[in-house]
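Encoded as structure tokens, the structure appears first; notes follow it.
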Amino acid sequence: MSHTPLLRVDAEHPAGTAEPDPIALKRRDNRMLTVLLCAVFMALLDSTIVNVATPTIRTDLHTSGSALQWIVSGYTIAYAALLVSGARLGARLGFRTMFLFGLVTFTAASLACGLAPGAGLLIVARVLQGVGAAMMMPQIYSLIQLKFEGAARARALSLYAAVIGLGVVVGQVAGGLLVSADLFGAGWRPVFLLNVPIGVLLAIAGVRLLPQGKASTAKSLDLGGLITSTAALLLLVIPLVLGHDQQWPAWSKISLVASIPMFGVFILVERAVARRGGSPLVPGRVLRAPGLVFGATAMFFAMAGYAGFLFSFSQHLQSGLGESATRTGLTFAPLAIGVAAGSLTWQRVPARWHRSMIAAACAVTALAYFGIGLEMRSGGSGGIALPALQLACGLGMGYLTSPLLTVALARVNPADAADASGVMTTSSQIAQVLGIAVYGSVYLSNAGQPVTPGLSADAIHHTALFVAIGALVAMLAALLLPRTSQS
């Protein structure tokens, strides 16, 4: 969430014209908010909807397991790497300008995804989707700040949070329904092509309805930090994704080792930027805020496990057990409902219990993952226990992620709130990339090729066990968060 000071630029009512009709203005603002919320929903949907489609993509394009991991995580890598830069570009060039640029990029990349003839082009298009999302998403909160005030802003932000929860609910289920519907014989492609007409309509409406505005003080871009952090992340992720397919050749081990000094170079670059009076991607003083590092650590392990589990479990249900995409999507419905329910109700818990609530949610999530692994080990579909375990896992995630952001940011200096929020969000996105790479590799390495029900059951059992251990690490980090008496 950004707390950057904003300049209101409102060319709709030039001086000397009649006072506008308040009802007409309210309707226009509501239409503008609809455009923004539809964009949020579309971007979030695309981060999860592809999970259920991956087995069909694998069959249709004859891809490897590594390619599937890149198809899912390529989007998130680009989004995580460019998120902070996207926010700063919006502050400098205008929120509407960058929103529309990101939306058009995202829409064009969606078209390229839907028409991709092979895995290589699909991966490139997914990365471009992530670039578009990183340019578009940070502007949405700023535009809401710019256009709405008081109770109207509170309502707009509540709807914004609800749409985020809805995107999580719908993504997995919608992916299964779209793939099974096989619209026009296109198989998995409508998962991406559906964005194209929606994106075009949103862009047209955005040109007409969105106000232009910039931050009164805009931070400079940190190109050195962007380049070194992205290089370090790729040196770490590429061997984790490709290593298991290629029996861990020498280059993969060299790359993993090289990522460590590259992260060190990133830290040195950030310190140099700070000494020159610039704006590093990760300001050192922000990391020293009480609880932020522990909060980011808990978020990292929780989201890594969640993303890795979604990817691996989708592979198990379809490739291992031969379930249809529809049934796979519906299997995830209890988990998605649990996430939404937890996200929308956690604020009813008194603030003094939030830290304990987060730790307890991590423990519940760990037990649910472990239980799912045990249920799947027999090679069956889990019976009636699976929906209950999925619901418990979802509730744990719902009572974990949103309050974790609140508690981790509670003692951050208001002037650093935007940077601290960026640290938490980026931690979550990088965690998803590494979760798919690490836990996905655990599953794919154990499942073998061709996948059989027995091998797949053993693979998902091992994967769920490692994910559960990660959730327990998140619990330990949550217990180290500072107590807070404020929500």
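Order determines the names: the first chain of the structure tokens is A, the second B, and so forth; residues in each chain are numbered 1 upward, and ligands are numbered 1 upward as they are shown.
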
Please, which residues in region 367-433 of chain A fall within 12 Å of region 45-52 of chain A when counting only C-alpha atoms, and what is the closest atom pair and distance in Å to one decimal for each, ordered by chain then residue number, as a Markdown table?
| residue | atom | partner | partner_atom | distance |
| --- | --- | --- | --- | --- |
| A:Gln429 | CA | A:Ser47 | CA | 10.3 |
| A:Gln432 | CA | A:Ser47 | CA | 10.1 |
| A:Val433 | CA | A:Ser47 | CA | 11.1 |

Near-Phe309 (chain A) list (8 Å; only C-alpha atoms; drop same-chain fewer than 6 positions) as a ChimeraX atom specification: /A:436,439-440,463-464,467

Take the residues from that selection and put them in a file with N, CA and C atoms, as a JSON list (two decimals), in the first residue's frame.
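Written output follows (selection25.json):
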[["chain", "number", "residue", "atom", "x", "y", "z"],
["A", 436, "ILE", "N", 7.38, -22.61, -6.14],
["A", 436, "ILE", "CA", 7.12, -23.43, -7.33],
["A", 436, "ILE", "C", 8.39, -24.14, -7.77],
["A", 439, "TYR", "N", 9.49, -26.71, -4.27],
["A", 439, "TYR", "CA", 8.52, -27.75, -3.99],
["A", 439, "TYR", "C", 8.05, -28.44, -5.27],
["A", 440, "GLY", "N", 7.95, -27.66, -6.35],
["A", 440, "GLY", "CA", 7.60, -28.27, -7.63],
["A", 440, "GLY", "C", 8.64, -29.28, -8.08],
["A", 463, "THR", "N", 6.19, -33.97, -0.89],
["A", 463, "THR", "CA", 6.09, -32.53, -1.10],
["A", 463, "THR", "C", 5.30, -31.87, 0.02],
["A", 464, "ALA", "N", 4.15, -32.48, 0.39],
["A", 464, "ALA", "CA", 3.32, -31.91, 1.44],
["A", 464, "ALA", "C", 4.06, -31.88, 2.77],
["A", 467, "VAL", "N", 6.37, -28.91, 2.63],
["A", 467, "VAL", "CA", 5.57, -27.69, 2.74],
["A", 467, "VAL", "C", 5.13, -27.46, 4.18]]

Which residue of A:Ala181, A:Ala368, A:Ala341, A:Leu83 approaches Leu226 (chain A) most closely, using only C-alpha atoms: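 Using only C-alpha atoms, the shortest distance to Leu226 (chain A) belongs to A:Leu83.
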
Shell of 12 Å around Met376 (chain A), only C-alpha atoms, local chain residues under 3 positions omitted, as a ChimeraX atom specification: /A:313,316-317,320-321,369-373,379-383,385-386,389,453-465

Sel. of strand (DSSP E) residues, region 194-421 of chain A, as JSON, numbers by chain: {"A": [212, 213, 214, 215]}

Shell around region 138-152 of chain A at 6 Å using only C-alpha atoms, local window under 2 positions removed, as a PyMOL selection string: chain A and resi 87+95+99+136+154-155

File dump, residues just selected, N, CA, C and O atoms, as a PDB file, in the first residue's frame:
ATOM      1  N   ALA A  87       5.804   1.146  -9.310  1.00  0.00           N
ATOM      2  CA  ALA A  87       5.218   2.171  -8.433  1.00  0.00           C
ATOM      3  C   ALA A  87       5.930   3.509  -8.611  1.00  0.00           C
ATOM      4  O   ALA A  87       5.286   4.568  -8.666  1.00  0.00           O
ATOM      5  N   PHE A  95      -0.078   8.260 -12.793  1.00  0.00           N
ATOM      6  CA  PHE A  95      -0.692   6.984 -12.451  1.00  0.00           C
ATOM      7  C   PHE A  95      -1.541   6.432 -13.602  1.00  0.00           C
ATOM      8  O   PHE A  95      -1.511   5.242 -13.899  1.00  0.00           O
ATOM      9  N   PHE A  99      -0.849   3.002 -15.595  1.00  0.00           N
ATOM     10  CA  PHE A  99      -1.917   1.996 -15.513  1.00  0.00           C
ATOM     11  C   PHE A  99      -2.308   1.526 -16.911  1.00  0.00           C
ATOM     12  O   PHE A  99      -2.400   0.320 -17.173  1.00  0.00           O
ATOM     13  N   MET A 136       0.926  -1.980 -13.892  1.00  0.00           N
ATOM     14  CA  MET A 136      -0.477  -1.623 -13.691  1.00  0.00           C
ATOM     15  C   MET A 136      -0.902  -1.633 -12.223  1.00  0.00           C
ATOM     16  O   MET A 136      -1.537  -0.680 -11.738  1.00  0.00           O
ATOM     17  N   ALA A 154     -12.753   4.759   2.085  1.00  0.00           N
ATOM     18  CA  ALA A 154     -12.832   3.546   2.909  1.00  0.00           C
ATOM     19  C   ALA A 154     -13.643   2.468   2.196  1.00  0.00           C
ATOM     20  O   ALA A 154     -13.270   1.284   2.195  1.00  0.00           O
ATOM     21  N   ARG A 155     -14.758   2.875   1.579  1.00  0.00           N
ATOM     22  CA  ARG A 155     -15.582   1.908   0.836  1.00  0.00           C
ATOM     23  C   ARG A 155     -14.804   1.345  -0.342  1.00  0.00           C
ATOM     24  O   ARG A 155     -14.835   0.125  -0.602  1.00  0.00           O
TER      25      ARG A 155
END

Neighbour list for region 242-255 of chain A as a PyMOL selection string, cut-off 8 Å, only C-alpha atoms, skip fewer than 5 positions in-chain: chain A and resi 64-66+235-236+441+444-445

Let's have the selection written as a PDB file, in the first residue's frame, with C-alpha atoms.
ATOM      1  CA  SER A  64       8.737 -30.805 -19.688  1.00  0.00           C
ATOM      2  CA  GLY A  65       7.997 -30.358 -16.006  1.00  0.00           C
ATOM      3  CA  SER A  66      10.562 -27.560 -15.903  1.00  0.00           C
ATOM      4  CA  LEU A 235      20.914 -17.392 -10.737  1.00  0.00           C
ATOM      5  CA  LEU A 236      18.993 -19.016  -7.883  1.00  0.00           C
ATOM      6  CA  SER A 441      10.993 -29.885  -8.204  1.00  0.00           C
ATOM      7  CA  LEU A 444       8.448 -33.727 -10.246  1.00  0.00           C
ATOM      8  CA  SER A 445      11.657 -35.496  -9.216  1.00  0.00           C
TER       9      SER A 445
END

Pick from A:Ala67, A:Ala478, A:Leu374, A:Ala360, whichever lies nearest to Gly118 (chain A) using only C-alpha atoms: A:Ala67
